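S.K.: The following file, start-v3.txt, comprises compact mmCIF, C-alpha atoms:
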# COMPACT_ATOMS: atom_id res chain seq x y z
CA MET A 27 108.62 59.59 52.25
CA LYS A 28 108.40 55.99 51.02
CA ILE A 29 107.79 53.43 53.74
CA MET A 30 110.96 51.47 53.07
CA LYS A 31 113.07 54.64 52.93
CA PHE A 32 111.53 55.67 56.22
CA LEU A 33 112.38 52.33 57.76
CA SER A 34 115.92 52.58 56.45
CA LEU A 35 116.35 55.82 58.36
CA VAL A 36 114.87 54.16 61.43
CA THR A 37 117.40 51.38 61.06
CA MET A 38 120.27 53.83 61.12
CA VAL A 39 118.96 55.41 64.29
CA LEU A 40 118.45 52.08 66.04
CA LEU A 41 121.88 50.90 64.93
CA ILE A 42 123.49 53.99 66.40
CA VAL A 43 121.52 53.58 69.63
CA SER A 44 122.42 49.89 69.77
CA CYS A 45 126.11 50.62 69.27
CA ASP A 46 126.04 53.35 71.87
CA LYS A 47 124.56 50.95 74.42
CA LYS A 48 127.48 48.59 73.72
CA GLY A 49 129.98 51.21 74.80
CA VAL A 50 130.74 53.38 71.77
CA ALA A 51 131.46 56.91 72.99
CA LYS A 52 128.90 59.59 72.26
CA LYS A 53 129.99 62.04 69.58
CA GLU A 54 129.95 65.80 69.90
CA LEU A 55 128.42 68.04 67.25
CA LYS A 56 131.49 69.64 65.71
CA THR A 57 130.47 70.20 62.08
CA GLU A 58 127.33 71.14 60.15
CA LEU A 59 127.02 67.54 58.96
CA ASP A 60 127.21 66.33 62.55
CA SER A 61 124.29 68.58 63.48
CA VAL A 62 122.27 67.58 60.42
CA SER A 63 122.87 63.90 61.14
CA TYR A 64 121.79 64.29 64.77
CA ALA A 65 118.72 66.33 63.81
CA ILE A 66 117.61 63.68 61.30
CA GLY A 67 118.02 61.05 64.01
CA MET A 68 115.81 63.07 66.34
CA ASP A 69 113.14 63.46 63.67
CA VAL A 70 113.12 59.78 62.78
CA ALA A 71 112.96 58.76 66.44
CA LYS A 72 109.86 60.91 66.89
CA ASN A 73 108.24 59.23 63.87
CA VAL A 74 109.05 55.78 65.24
CA LYS A 75 107.47 56.62 68.60
CA THR A 76 104.27 57.84 66.94
CA SER A 77 104.09 55.00 64.37
CA PHE A 78 104.63 51.97 66.62
CA ASP A 79 103.10 51.01 69.95
CA GLU A 80 105.49 48.10 70.20
CA PHE A 81 108.53 47.11 68.21
CA ASP A 82 110.99 44.18 68.16
CA ASN A 83 114.40 45.87 68.02
CA ASP A 84 116.27 42.55 67.80
CA LEU A 85 114.44 41.41 64.65
CA PHE A 86 114.76 44.89 63.24
CA MET A 87 118.53 44.79 63.65
CA GLN A 88 118.63 41.20 62.35
CA GLY A 89 117.01 42.38 59.12
CA PHE A 90 119.45 45.28 58.88
CA VAL A 91 122.50 43.07 59.36
CA ASN A 92 121.22 40.36 56.98
CA VAL A 93 120.71 42.85 54.17
CA SER A 94 124.02 44.60 54.91
CA ASP A 95 125.88 41.25 54.72
CA SER A 96 123.64 39.83 51.97
CA THR A 97 123.30 36.66 54.02
CA ASP A 98 120.45 34.72 55.67
CA ILE A 99 117.77 37.06 54.27
CA ILE A 100 114.36 35.68 55.29
CA LEU A 101 112.12 37.93 53.16
CA ASP A 102 112.76 39.16 49.64
CA GLU A 103 112.35 42.89 49.00
CA THR A 104 108.94 42.61 47.33
CA LYS A 105 107.55 40.51 50.17
CA ALA A 106 109.04 42.85 52.76
CA GLN A 107 107.38 45.87 51.18
CA ALA A 108 104.06 44.02 51.03
CA VAL A 109 104.31 43.08 54.72
CA VAL A 110 105.01 46.67 55.77
CA ARG A 111 102.28 48.06 53.52
CA ALA A 112 99.72 45.60 54.87
CA TYR A 113 100.71 46.41 58.46
CA PHE A 114 100.19 50.15 58.04
CA GLN A 115 96.94 49.65 56.13
CA LYS A 116 95.66 47.52 59.02
CA LYS A 117 96.73 50.15 61.54
CA GLN A 118 95.02 52.91 59.55
CA LYS A 119 91.81 50.87 59.44
CA GLU A 120 91.96 50.26 63.20
CA LEU A 121 92.51 53.97 63.87
CA ALA A 122 89.62 54.93 61.60
CA GLU A 123 87.29 52.44 63.33
CA LYS A 124 88.34 53.71 66.77
CA ALA A 125 87.84 57.33 65.71
CA LYS A 126 84.34 56.47 64.47
CA GLU A 127 83.54 54.66 67.72
CA ASP A 128 84.85 57.56 69.82
CA ALA A 129 82.80 60.04 67.78
CA GLU A 130 79.63 58.01 68.36
CA LYS A 131 80.33 57.84 72.10
CA ALA A 132 80.93 61.60 72.21
CA LYS A 133 77.66 62.23 70.40
CA GLU A 134 75.70 59.98 72.76
CA ALA A 135 77.37 61.54 75.81
CA GLY A 136 76.52 65.02 74.57
CA ILE A 137 72.88 64.15 73.92
CA LYS A 138 72.54 62.67 77.42
CA TYR A 139 74.29 65.65 79.01
CA LEU A 140 72.01 68.17 77.31
CA ALA A 141 68.90 66.13 78.13
CA ASP A 142 69.84 66.12 81.82
CA ASN A 143 70.94 69.74 81.76
CA LYS A 144 67.73 70.96 80.14
CA SER A 145 65.68 70.60 83.31
CA LYS A 146 68.17 72.33 85.62
CA GLU A 147 67.25 75.62 87.25
CA GLY A 148 67.84 78.65 85.05
CA VAL A 149 68.56 76.74 81.86
CA LYS A 150 66.74 77.96 78.77
CA THR A 151 66.66 76.18 75.42
CA THR A 152 66.26 77.79 72.01
CA GLU A 153 64.54 76.24 69.00
CA SER A 154 67.91 75.19 67.56
CA GLY A 155 68.83 73.25 70.71
CA LEU A 156 71.23 75.82 72.16
CA GLN A 157 71.01 75.91 75.94
CA TYR A 158 72.03 78.87 78.09
CA ILE A 159 71.96 80.38 81.56
CA VAL A 160 71.99 84.11 82.24
CA LEU A 161 74.77 84.58 84.78
CA LYS A 162 74.62 88.36 84.65
CA ALA A 163 72.16 90.56 82.77
CA GLY A 164 73.50 93.32 80.54
CA THR A 165 72.14 96.82 80.00
CA GLY A 166 73.64 97.77 76.65
CA ALA A 167 72.75 97.10 73.02
CA LYS A 168 72.54 93.62 71.50
CA PRO A 169 74.85 92.68 68.63
CA THR A 170 73.54 91.67 65.20
CA THR A 171 75.03 89.51 62.47
CA GLU A 172 76.72 92.66 61.17
CA SER A 173 78.46 93.38 64.48
CA LYS A 174 82.02 92.86 65.65
CA VAL A 175 82.29 92.18 69.37
CA LYS A 176 84.82 92.04 72.17
CA VAL A 177 84.32 89.19 74.62
CA HIS A 178 85.91 87.23 77.41
CA TYR A 179 85.21 83.50 77.33
CA HIS A 180 86.14 80.20 78.96
CA GLY A 181 85.49 76.99 77.01
CA THR A 182 85.33 73.44 78.36
CA LEU A 183 84.20 70.00 77.32
CA ILE A 184 81.40 68.34 79.28
CA ASP A 185 84.01 66.53 81.40
CA GLY A 186 85.50 69.85 82.47
CA THR A 187 88.55 69.81 80.18
CA VAL A 188 89.51 73.39 79.26
CA PHE A 189 90.24 73.72 75.54
CA ASP A 190 90.34 77.50 75.13
CA SER A 191 90.07 80.51 77.41
CA SER A 192 90.62 84.21 76.84
CA VAL A 193 90.16 84.55 80.60
CA ASP A 194 93.18 82.34 81.26
CA ARG A 195 95.19 84.26 78.67
CA GLY A 196 94.15 87.53 80.25
CA GLU A 197 93.24 89.08 76.90
CA PRO A 198 89.72 89.55 75.44
CA ALA A 199 88.98 88.36 71.93
CA GLU A 200 87.48 90.34 69.06
CA PHE A 201 85.66 88.86 66.07
CA GLY A 202 82.61 89.18 63.88
CA VAL A 203 79.37 87.61 65.14
CA THR A 204 79.19 85.38 62.06
CA GLN A 205 82.87 84.39 62.16
CA VAL A 206 82.36 81.84 64.92
CA ILE A 207 80.49 78.57 65.41
CA LYS A 208 76.70 78.60 64.97
CA GLY A 209 76.04 78.30 68.70
CA TRP A 210 78.07 81.44 69.35
CA THR A 211 76.46 83.38 66.50
CA GLU A 212 73.02 82.62 67.90
CA GLY A 213 73.97 83.07 71.55
CA LEU A 214 75.73 86.41 71.15
CA GLN A 215 72.59 87.92 69.64
CA LEU A 216 70.68 87.01 72.80
CA MET A 217 73.04 89.02 74.97
CA SER A 218 73.03 92.70 75.87
CA THR A 219 76.39 94.41 76.25
CA GLY A 220 77.72 93.81 79.75
CA ALA A 221 75.95 90.45 80.10
CA LYS A 222 77.56 87.15 81.00
CA TYR A 223 75.98 83.89 79.83
CA LYS A 224 76.85 80.21 80.03
CA PHE A 225 76.22 78.40 76.75
CA PHE A 226 75.75 74.65 76.35
CA ILE A 227 76.32 74.05 72.65
CA PRO A 228 75.29 70.80 70.89
CA SER A 229 77.90 69.40 68.52
CA ASP A 230 75.87 70.30 65.42
CA LEU A 231 76.02 73.95 66.50
CA ALA A 232 79.73 73.65 67.29
CA TYR A 233 82.35 71.81 65.21
CA GLY A 234 80.32 68.68 64.47
CA ALA A 235 82.35 65.78 63.14
CA ASN A 236 85.18 68.00 61.90
CA PRO A 237 86.96 69.90 64.69
CA ARG A 238 90.48 71.19 64.23
CA PRO A 239 92.81 68.16 63.93
CA GLY A 240 95.01 67.52 66.95
CA GLY A 241 93.05 69.74 69.31
CA ALA A 242 91.28 68.89 72.56
CA ILE A 243 87.87 69.07 70.87
CA LYS A 244 87.02 65.66 69.43
CA PRO A 245 84.41 64.91 66.75
CA ASN A 246 80.77 65.35 67.91
CA SER A 247 81.78 67.13 71.13
CA THR A 248 79.23 69.18 73.07
CA LEU A 249 80.87 72.41 74.25
CA ILE A 250 80.33 74.67 77.26
CA PHE A 251 81.28 78.35 77.27
CA ASP A 252 81.13 81.12 79.85
CA VAL A 253 80.87 84.25 77.69
CA GLU A 254 80.97 87.88 78.78
CA LEU A 255 80.02 90.45 76.15
CA LEU A 256 82.31 93.38 76.90
CA GLU A 257 81.41 95.67 74.03
CA ILE A 258 80.19 95.94 70.46
CA VAL A 259 83.28 97.17 68.64
CA GLU A 260 81.49 98.13 65.42
Could the structure of this file be written out as structure tokens, please?
M.R.:
Amino acid sequence: MKIMKFLSLVTMVLLIVSCDKKGVAKKELKTELDSVSYAIGMDVAKNVKTSFDEFDNDLFMQGFVNVSDSTDIILDETKAQAVVRAYFQKKQKELAEKAKEDAEKAKEAGIKYLADNKSKEGVKTTESGLQYIVLKAGTGAKPTTESKVKVHYHGTLIDGTVFDSSVDRGEPAEFGVTQVIKGWTEGLQLMSTGAKYKFFIPSDLAYGANPRPGGAIKPNSTLIFDVELLEIVE
């Protein structure tokens, strides 16, 4: 959607809200068009809330009224579009810079965490940098890269934030040993069936700088998993 078209929709929503606050009775949804109109208003309102940290409603409405009346217009259309475009470009740059800064902080925090963790009792470190603790030894066979396994797991960030847990869901997960992050692929092959390990996985053996967008795992996050190998399915 074009920026100016988007803002036009926002204007309609704010105008309706403004009128409602002045005493205009709320309408009921009686027809399909009523419902569509209300749904569009909801969608636009969500976009406004995510696009702006702060907003001057009075100036917004002043611009709407000036254009509607074709009077006292302060900015011409070309200038207005340039102002909006520049604003969003600046915001995108700020967000990109903050994301880069946050990723660097996460990387440094992970490196420090693993360095401190390395010397703790029971922690072993592999050549790749994967760290693990044997919580319970297993007695069965070890999976290979060709195996499919059934596991229970509980995943957290280094600050304790839970981002995924089959334990919490109450349902084990099944997948191929090579269908997961590198730290898991390596760690699973260390385990005998029936074992339970705690893995401390550096970001380069996890999702690196490209985790799933919108999730709890941020770029360069070090991950911690409690993993129980229930069985080798095939």
S.K.: Using Å and a single decimal, report how far atom CA of A:Trp210 sits from atom CA of A:Val253.
M.R.: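 Distance reported for this atom pair: 9.2 Å.
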S.K.: Could you jot down the atom CA of A:Glu103 to atom CA of A:Leu85 separation for me, Å, one decimal place?
M.R.: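 Atom CA of A:Leu85 lies 15.9 Å from atom CA of A:Glu103.
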S.K.: Can you tell me how far atom CA of A:Lys53 sits from atom CA of A:Lys72, in Å to one decimal?
M.R.: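 Atom CA of A:Lys53 sits 20.3 Å away from atom CA of A:Lys72.
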S.K.: Residues within 12 Å of A:Pro198, please, as a list in words. Count all atoms listed in the file; anything in the same chain fewer than 4 positions from it doesn't count.
M.R.: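 The filter keeps Val175, Lys176, Val177, His178, Tyr179, His180, Ser191, Ser192, Val193, Asp194, Val253, Glu254, Leu255, Leu256 and Glu257 of chain A.
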S.K.: Keeping only C-alpha atoms, take the residues you just selected and write them out as a compact mmCIF listing (two decimals), in the coordinates of the input.
M.R.:
# COMPACT_ATOMS: atom_id res chain seq x y z
CA VAL A 175 82.29 92.18 69.37
CA LYS A 176 84.82 92.04 72.17
CA VAL A 177 84.32 89.19 74.62
CA HIS A 178 85.91 87.23 77.41
CA TYR A 179 85.21 83.50 77.33
CA HIS A 180 86.14 80.20 78.96
CA SER A 191 90.07 80.51 77.41
CA SER A 192 90.62 84.21 76.84
CA VAL A 193 90.16 84.55 80.60
CA ASP A 194 93.18 82.34 81.26
CA VAL A 253 80.87 84.25 77.69
CA GLU A 254 80.97 87.88 78.78
CA LEU A 255 80.02 90.45 76.15
CA LEU A 256 82.31 93.38 76.90
CA GLU A 257 81.41 95.67 74.03
S.K.: For each of A:Leu231, A:Val188, A:Val259, A:Ala167, take the minimum atom-to-atom distance to A:Met217, counting all atoms listed in the file, then give the residue where this is smallest.
M.R.: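 Of A:Leu231, A:Val188, A:Val259, A:Ala167, the one nearest A:Met217 is A:Ala167, counting all atoms listed in the file.
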S.K.: At a cut-off of 12 Å, using all atoms listed in the file, what residues contact A:Glu153? Leave out same-chain residues fewer than 4 positions from it and give the result as a ChimeraX atom specification.
M.R.: /A:157,209,212-213,231
S.K.: Take the residues from that selection and put them in a file with C-alpha atoms, as a JSON list (two decimals), in the coordinates of the input.
M.R.:
[["chain", "number", "residue", "atom", "x", "y", "z"],
["A", 157, "GLN", "CA", 71.01, 75.91, 75.94],
["A", 209, "GLY", "CA", 76.04, 78.30, 68.70],
["A", 212, "GLU", "CA", 73.02, 82.62, 67.90],
["A", 213, "GLY", "CA", 73.97, 83.07, 71.55],
["A", 231, "LEU", "CA", 76.02, 73.95, 66.50]]
